[in-house]
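Novice: Attaching a single structure in structure tokens format; questions to follow.
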2 protein chains.
Amino acid sequence: MRSKNRASGKQERTFIEEARRAQLVECAIEAIAELGLHRASLAEIARRAGITKQAIFYHFATRDALIHEVLAVVTRQGAEFMAERSRRQPTPADELRAYIEANVEYIGSHRDRVRALVSIAMNFTDEDGRSRLLPLDASVYGDSLAPLQDILRRGQEQGQFGEFTPRTMAMTIRAAIDAIGPQLSALPELDLDGYARDLVQLFGRATANDERA
Amino acid sequence: MRSKNRASGKQERTFIEEARRAQLVECAIEAIAELGLHRASLAEIARRAGITKQAIFYHFATRDALIHEVLAVVTRQGAEFMAERSRRQPTPADELRAYIEANVEYIGSHRDRVRALVSIAMNFTDEDGRSRLLPLDASVYGDSLAPLQDILRRGQEQGQFGEFTPRTMAMTIRAAIDAIGPQLSALPELDLDGYARDLVQLFGRATANDERA
DNA sequence: CTATTTTTTGACCGCACGGTAAAAACGTAG
DNA sequence: CTACGTTTTTACCGTGCGGTCAAAAAATAG
């Protein structure tokens with residue numbers, strides 16, 4: 001019984017249910033990446049899954065629930081990817097380089113997911129204009145910025161980095177990275193490796209300590 | 001007769017019509033900035049103008065026409081603002097500083113317009129996902145970047161700037177500036193003057209010629 | 001084979017959207 | 001006051017949306 005699952009809170013999901021949920025999430029990602037959030041209707045997502053719209057409601061209570069699941073899946077997978085790539089680096093400058101390279105690589109190899117994420121972040125709003133993503137807003141302007149700011153501060157304390165406002169530097173680095181997504185849509189042949197190299201050089205100079213011997 | 005105006009192409013618009021059009025554009029800007037493009041329905045815009053939805057069709061053929069007019073008005077006013085502020089500067093480095101400062105100032109003093117512009121740029125799409133803003137896309141990834149790249153190239157030729165890829169540097173500068181909008185929404189108390197100073201310093205270092213005597 | 005549970009569908013609903021047509025209100029010149 | 005052109009409203013359409021409900025179809029268990 002489903003009601004038993006719900007009541008007990010346990011996720012005794014069937015094999016089929018798990019598979020369908022995963023499939024629907026994937027189809028939602030593709031639809032959102034391709035059409036934007038507000039055009040990715042349940043009918044459209046269902047069509048891509050080879051299912052009727054009404055069947056979605058068996059697996060997800062509302063459309064919002066499906067979108068939230070998309071968010072959860074994408075952010076979790078993104079975190080896993082970044083965790084894999086960010087082996088310990090000897091110095092803050094190396095950490096910064098690794099951070100930029102890993103981010104650019106992720107964006108390049110997961111364009112659909114990034115596109116979908118951006119579309120959701122920008123358009124998943126309440127009846128008023130307020131974002132329904134306080135957790136994500138916090139993650140974008142907090143969690144996601146925090147590790148960067150941490151690297152920058154440590155670099156300054158150790159004298160490897162010069163004087164600057166860590167928050168502004170962190171925001172600028174993230175902005176430069178996040179700008180890649182839209183650019184890829186406009187000009188798909190963009191040389192990502194070269195771009196990453198440019199960014200590493202750019203922010204290497206911007207963070208460098210001028211007063212070095 | 002209206003048809004006469006249309007047929008001749010002449011804009012013999014009444015005083016009232018001109019005023020209504022301007023009012024509707026302003027209301028549309030506010031609605032889009034507040035609710036996002038897809039929630040800014042004709043009914044909502046009409047409500048803000050104290051008019052019925054159907055009256056809009058007398059002044060604008062379709063909703064798209066109204067949105068396009070919003071775009072035209074905002075971009076034109078923005079260009080006027082920037083033209084005013086960008087007095088000739090003696091060196092490329094000064095030009096770059098002036099460019100950053102003028103942009104940040106504009107964003108700070110026209111938040112609604114910037115928000116609306118961003119929402120339109122991100123969501124004004126065709127039935128497929130393709131942007132309906134080739135002119136704006138060109139302006140965002142071309143026209144708007146071109147003067148920046150121009151400054152950067154001249155600085156390199158004159159030896160005031162060091163070695164870097166002008167396109168990447170220009171993209172990063174624009175990304176840093178454009179990131180202000182979303183940040184303002186999240187934390188409205190942001191110190192814009194300080195932010196502008198930080199950016200000027202940051203990109204001053206990033207563009208500097210290391211091999212200077 | 002049958003009974004039961006899980007999964008999917010078909011038929012709807014109410015709603016808000018962009019858009020249309022015709023009539024009413026308004027302003028103004030003769 | 002009247003006639004005429006301008007502006008706005010009232011009354012509608014058709015469409016697609018998210019969502020509900022009961023019945024049908026697939027699985028699964030006995």
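All residue names refer to the structure tokens as shown: chains lettered A, B, ... in order, residues numbered from 1 in each chain, ligands numbered from 1 in order.
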Tell me, counting only C-alpha atoms (C1' of nucleotides), for each residue of chain D within 12 Å of range 44-54 of chain A, which pair of atoms is nearest and how far apart they are in Å to one decimal, in rows ordered by chain and increasing number, as a tab-separated table.
Specialist:
```
residue	atom	partner	partner_atom	distance
D:DG16	C1'	A:Glu44	CA	11.3
D:DC17	C1'	A:Glu44	CA	11.3
D:DG18	C1'	A:Lys53	CA	10.1
D:DG19	C1'	A:Gln54	CA	8.7
D:DT20	C1'	A:Gln54	CA	9.7
D:DC21	C1'	A:Gln54	CA	11.1
```
Novice: The selected residues should be written to file as a tab-separated table (two decimals), in the first residue's frame (atoms: N, CA, C and O atoms (P, O5', C5', C4', C3', O3' and C1' of nucleotides)).
Specialist:
```tsv
chain	number	residue	atom	x	y	z
D	16	DG	P	-3.36	23.90	-27.72
D	16	DG	O5'	-2.66	23.92	-26.29
D	16	DG	C5'	-1.85	25.03	-25.93
D	16	DG	C4'	-1.69	25.02	-24.43
D	16	DG	C3'	-1.32	23.64	-23.86
D	16	DG	O3'	-0.16	23.77	-23.04
D	16	DG	C1'	-3.21	24.56	-22.73
D	17	DC	P	0.52	22.55	-22.36
D	17	DC	O5'	0.27	22.88	-20.83
D	17	DC	C5'	0.67	24.16	-20.33
D	17	DC	C4'	-0.05	24.45	-19.03
D	17	DC	C3'	-0.01	23.30	-18.05
D	17	DC	O3'	1.18	23.38	-17.28
D	17	DC	C1'	-2.19	24.34	-18.13
D	18	DG	P	1.74	22.11	-16.55
D	18	DG	O5'	0.88	22.08	-15.22
D	18	DG	C5'	1.00	23.15	-14.31
D	18	DG	C4'	-0.02	22.98	-13.20
D	18	DG	C3'	0.18	21.71	-12.38
D	18	DG	O3'	-0.07	22.00	-11.01
D	18	DG	C1'	-1.97	21.70	-13.38
D	19	DG	P	0.13	20.81	-9.93
D	19	DG	O5'	-1.31	20.11	-9.93
D	19	DG	C5'	-2.44	20.89	-9.56
D	19	DG	C4'	-3.71	20.06	-9.68
D	19	DG	C3'	-3.65	18.67	-9.04
D	19	DG	O3'	-4.59	18.60	-7.98
D	19	DG	C1'	-4.72	18.63	-11.16
D	20	DT	P	-4.78	17.29	-7.07
D	20	DT	O5'	-6.11	16.66	-7.66
D	20	DT	C5'	-7.29	17.46	-7.70
D	20	DT	C4'	-8.48	16.61	-8.12
D	20	DT	C3'	-8.60	15.25	-7.40
D	20	DT	O3'	-9.95	15.11	-6.96
D	20	DT	C1'	-8.67	14.95	-9.76
D	21	DC	P	-10.36	13.97	-5.93
D	21	DC	O5'	-11.02	12.86	-6.87
D	21	DC	C5'	-11.84	13.28	-7.95
D	21	DC	C4'	-12.41	12.08	-8.69
D	21	DC	C3'	-12.33	10.75	-7.93
D	21	DC	O3'	-13.53	10.03	-8.11
D	21	DC	C1'	-11.21	10.57	-10.02
```
Novice: Output as a Markdown table one row per residue of chain B within 12 Å of chain D: the closest atom pair and its distance in Å to one decimal place, counting only C-alpha atoms (C1' of nucleotides), sorted by chain and residue number ascending.
Specialist:
```
| residue | atom | partner | partner_atom | distance |
| --- | --- | --- | --- | --- |
| B:Met1 | CA | D:DG5 | C1' | 7.4 |
| B:Arg2 | CA | D:DT6 | C1' | 9.2 |
| B:Arg13 | CA | D:DT6 | C1' | 11.1 |
| B:Thr14 | CA | D:DT6 | C1' | 9.0 |
| B:Phe15 | CA | D:DT6 | C1' | 11.3 |
| B:Ile16 | CA | D:DT7 | C1' | 8.9 |
| B:Glu17 | CA | D:DT7 | C1' | 8.7 |
| B:Arg20 | CA | D:DT7 | C1' | 10.5 |
| B:Gly50 | CA | D:DT8 | C1' | 11.5 |
| B:Ile51 | CA | D:DT8 | C1' | 8.2 |
| B:Thr52 | CA | D:DT9 | C1' | 7.4 |
| B:Lys53 | CA | D:DT9 | C1' | 9.7 |
| B:Gln54 | CA | D:DT9 | C1' | 8.0 |
| B:Ala55 | CA | D:DT8 | C1' | 6.0 |
| B:Ile56 | CA | D:DT8 | C1' | 9.6 |
| B:Phe57 | CA | D:DT8 | C1' | 10.6 |
| B:Tyr58 | CA | D:DT7 | C1' | 8.2 |
| B:His59 | CA | D:DT7 | C1' | 9.8 |
```
Novice: Those selected residues, please, written with C-alpha atoms and delivered as a PDB file, in the first residue's frame.
Specialist:
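Generated output (result-v8.pdb):
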```pdb
ATOM      1  CA  MET B   1      -8.117  56.685 -38.929  1.00  0.00           C
ATOM      2  CA  ARG B   2      -5.676  54.286 -37.470  1.00  0.00           C
ATOM      3  CA  ARG B  13       0.089  59.189 -32.742  1.00  0.00           C
ATOM      4  CA  THR B  14      -2.260  61.077 -30.543  1.00  0.00           C
ATOM      5  CA  PHE B  15      -1.052  62.673 -27.343  1.00  0.00           C
ATOM      6  CA  ILE B  16      -3.194  60.229 -25.407  1.00  0.00           C
ATOM      7  CA  GLU B  17      -1.920  57.256 -27.348  1.00  0.00           C
ATOM      8  CA  ARG B  20      -0.796  55.357 -22.766  1.00  0.00           C
ATOM      9  CA  GLY B  50      -5.836  50.951 -14.153  1.00  0.00           C
ATOM     10  CA  ILE B  51      -7.182  49.743 -17.448  1.00  0.00           C
ATOM     11  CA  THR B  52      -8.792  46.607 -18.804  1.00  0.00           C
ATOM     12  CA  LYS B  53      -6.676  43.979 -20.436  1.00  0.00           C
ATOM     13  CA  GLN B  54      -8.393  44.368 -23.786  1.00  0.00           C
ATOM     14  CA  ALA B  55      -7.490  48.038 -24.034  1.00  0.00           C
ATOM     15  CA  ILE B  56      -3.865  47.068 -24.410  1.00  0.00           C
ATOM     16  CA  PHE B  57      -4.670  45.562 -27.780  1.00  0.00           C
ATOM     17  CA  TYR B  58      -5.708  48.960 -29.021  1.00  0.00           C
ATOM     18  CA  HIS B  59      -2.183  50.269 -28.399  1.00  0.00           C
TER      19      HIS B  59
END
```
Novice: From chain A, collect each residue whose DSSP state is alpha helix (DSSP H) and return the set as an NGL selection string.
Specialist: :A and (2-8 or 15-35 or 42-49 or 53-59 or 63-85 or 92-109 or 111-123 or 134-138 or 146-157 or 166-178 or 180-186 or 192-207)
Novice: Please give the root-mean-square deviation of the Cα atoms once chain B has been least-squares fitted onto chain A, pairing every Cα in order.
Specialist: 0.1 Å
Novice: Under the rule of at most 9 Å, produce a per-residue listing of chain C near chain B: chain, number, name, the closest pair of atoms, and the distance in Å, as JSON lines, using only C-alpha atoms (C1' of nucleotides).
Specialist:
```
{"residue": "C:DC17", "atom": "C1'", "partner": "B:Ser41", "partner_atom": "CA", "distance": 7.7}
{"residue": "C:DG18", "atom": "C1'", "partner": "B:Arg63", "partner_atom": "CA", "distance": 7.6}
{"residue": "C:DG19", "atom": "C1'", "partner": "B:Thr62", "partner_atom": "CA", "distance": 8.1}
```
Novice: Generate a file of the selected residues that holds all heavy atoms, formatted as a PDB file, in the first residue's frame.
Specialist:
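Once everything was written out, this is result.pdb:
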```pdb
ATOM      1  P    DC C  17      -3.511  35.488 -15.999  1.00  0.00           P
ATOM      2  OP1  DC C  17      -2.322  36.031 -15.325  1.00  0.00           O
ATOM      3  OP2  DC C  17      -4.800  36.209 -15.988  1.00  0.00           O
ATOM      4  O5'  DC C  17      -3.108  35.192 -17.516  1.00  0.00           O
ATOM      5  C5'  DC C  17      -2.110  34.202 -17.782  1.00  0.00           C
ATOM      6  C4'  DC C  17      -2.252  33.733 -19.216  1.00  0.00           C
ATOM      7  O4'  DC C  17      -3.483  32.995 -19.346  1.00  0.00           O
ATOM      8  C3'  DC C  17      -2.416  34.864 -20.209  1.00  0.00           C
ATOM      9  O3'  DC C  17      -1.146  35.304 -20.630  1.00  0.00           O
ATOM     10  C2'  DC C  17      -3.191  34.205 -21.351  1.00  0.00           C
ATOM     11  C1'  DC C  17      -3.863  33.008 -20.712  1.00  0.00           C
ATOM     12  N1   DC C  17      -5.364  33.032 -20.769  1.00  0.00           N
ATOM     13  C2   DC C  17      -6.025  32.446 -21.842  1.00  0.00           C
ATOM     14  O2   DC C  17      -5.357  31.937 -22.742  1.00  0.00           O
ATOM     15  N3   DC C  17      -7.375  32.464 -21.870  1.00  0.00           N
ATOM     16  C4   DC C  17      -8.055  33.033 -20.867  1.00  0.00           C
ATOM     17  N4   DC C  17      -9.382  33.012 -20.927  1.00  0.00           N
ATOM     18  C5   DC C  17      -7.392  33.632 -19.759  1.00  0.00           C
ATOM     19  C6   DC C  17      -6.058  33.623 -19.751  1.00  0.00           C
ATOM     20  P    DG C  18      -1.034  36.736 -21.314  1.00  0.00           P
ATOM     21  OP1  DG C  18       0.390  37.105 -21.288  1.00  0.00           O
ATOM     22  OP2  DG C  18      -2.050  37.620 -20.709  1.00  0.00           O
ATOM     23  O5'  DG C  18      -1.480  36.440 -22.812  1.00  0.00           O
ATOM     24  C5'  DG C  18      -0.665  35.586 -23.606  1.00  0.00           C
ATOM     25  C4'  DG C  18      -1.319  35.400 -24.957  1.00  0.00           C
ATOM     26  O4'  DG C  18      -2.649  34.889 -24.757  1.00  0.00           O
ATOM     27  C3'  DG C  18      -1.472  36.693 -25.747  1.00  0.00           C
ATOM     28  O3'  DG C  18      -1.166  36.450 -27.111  1.00  0.00           O
ATOM     29  C2'  DG C  18      -2.921  37.069 -25.515  1.00  0.00           C
ATOM     30  C1'  DG C  18      -3.591  35.706 -25.405  1.00  0.00           C
ATOM     31  N9   DG C  18      -4.801  35.729 -24.585  1.00  0.00           N
ATOM     32  C8   DG C  18      -4.934  36.273 -23.344  1.00  0.00           C
ATOM     33  N7   DG C  18      -6.138  36.158 -22.847  1.00  0.00           N
ATOM     34  C5   DG C  18      -6.845  35.495 -23.841  1.00  0.00           C
ATOM     35  C6   DG C  18      -8.207  35.094 -23.881  1.00  0.00           C
ATOM     36  O6   DG C  18      -9.083  35.248 -23.022  1.00  0.00           O
ATOM     37  N1   DG C  18      -8.524  34.448 -25.075  1.00  0.00           N
ATOM     38  C2   DG C  18      -7.640  34.225 -26.098  1.00  0.00           C
ATOM     39  N2   DG C  18      -8.122  33.593 -27.168  1.00  0.00           N
ATOM     40  N3   DG C  18      -6.356  34.591 -26.068  1.00  0.00           N
ATOM     41  C4   DG C  18      -6.037  35.215 -24.918  1.00  0.00           C
ATOM     42  P    DG C  19      -1.245  37.689 -28.171  1.00  0.00           P
ATOM     43  OP1  DG C  19      -0.412  37.344 -29.340  1.00  0.00           O
ATOM     44  OP2  DG C  19      -0.987  38.919 -27.423  1.00  0.00           O
ATOM     45  O5'  DG C  19      -2.772  37.668 -28.653  1.00  0.00           O
ATOM     46  C5'  DG C  19      -3.264  36.486 -29.265  1.00  0.00           C
ATOM     47  C4'  DG C  19      -4.749  36.640 -29.562  1.00  0.00           C
ATOM     48  O4'  DG C  19      -5.503  36.591 -28.330  1.00  0.00           O
ATOM     49  C3'  DG C  19      -5.155  37.945 -30.262  1.00  0.00           C
ATOM     50  O3'  DG C  19      -5.698  37.633 -31.535  1.00  0.00           O
ATOM     51  C2'  DG C  19      -6.185  38.566 -29.336  1.00  0.00           C
ATOM     52  C1'  DG C  19      -6.669  37.366 -28.526  1.00  0.00           C
ATOM     53  N9   DG C  19      -7.237  37.725 -27.224  1.00  0.00           N
ATOM     54  C8   DG C  19      -6.585  38.288 -26.148  1.00  0.00           C
ATOM     55  N7   DG C  19      -7.363  38.498 -25.128  1.00  0.00           N
ATOM     56  C5   DG C  19      -8.602  38.039 -25.544  1.00  0.00           C
ATOM     57  C6   DG C  19      -9.853  38.010 -24.859  1.00  0.00           C
ATOM     58  O6   DG C  19     -10.113  38.390 -23.709  1.00  0.00           O
ATOM     59  N1   DG C  19     -10.859  37.470 -25.647  1.00  0.00           N
ATOM     60  C2   DG C  19     -10.690  37.018 -26.938  1.00  0.00           C
ATOM     61  N2   DG C  19     -11.773  36.534 -27.542  1.00  0.00           N
ATOM     62  N3   DG C  19      -9.538  37.031 -27.592  1.00  0.00           N
ATOM     63  C4   DG C  19      -8.541  37.560 -26.833  1.00  0.00           C
TER      64       DG C  19
END
```
Novice: What are the residues of chain B that have an atom within 7 Å of an atom of chain A, counting only C-alpha atoms, as a PyMOL selection string?
Specialist: chain B and resi 34-36+128-129+165+168+172+175-176+179+195+198+202-203+205-206
Novice: Rounded to one decimal, what separation in Å do you get between CA of Ala93 in chain A and CA of Leu145 in chain A?
Specialist: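 Interatomic distance here is 16.5 Å.
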Novice: Could you jot down the CA of Gln158 in chain A to CA of Thr91 in chain A separation for me, Å, one decimal place?
Specialist: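 Between CA of Gln158 in chain A and CA of Thr91 in chain A the gap is 9.3 Å.
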Novice: When you draw a straight line from CA of Ala170 in chain A to CA of Tyr106 in chain A, how long is it in Å?
Specialist: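 Between CA of Ala170 in chain A and CA of Tyr106 in chain A the gap is 18.3 Å.
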Novice: Taking only C-alpha atoms into account, which of B:His110, B:Leu24, B:Pro90, B:Phe81 comes nearest Ile67 in chain B?
Specialist: B:Leu24
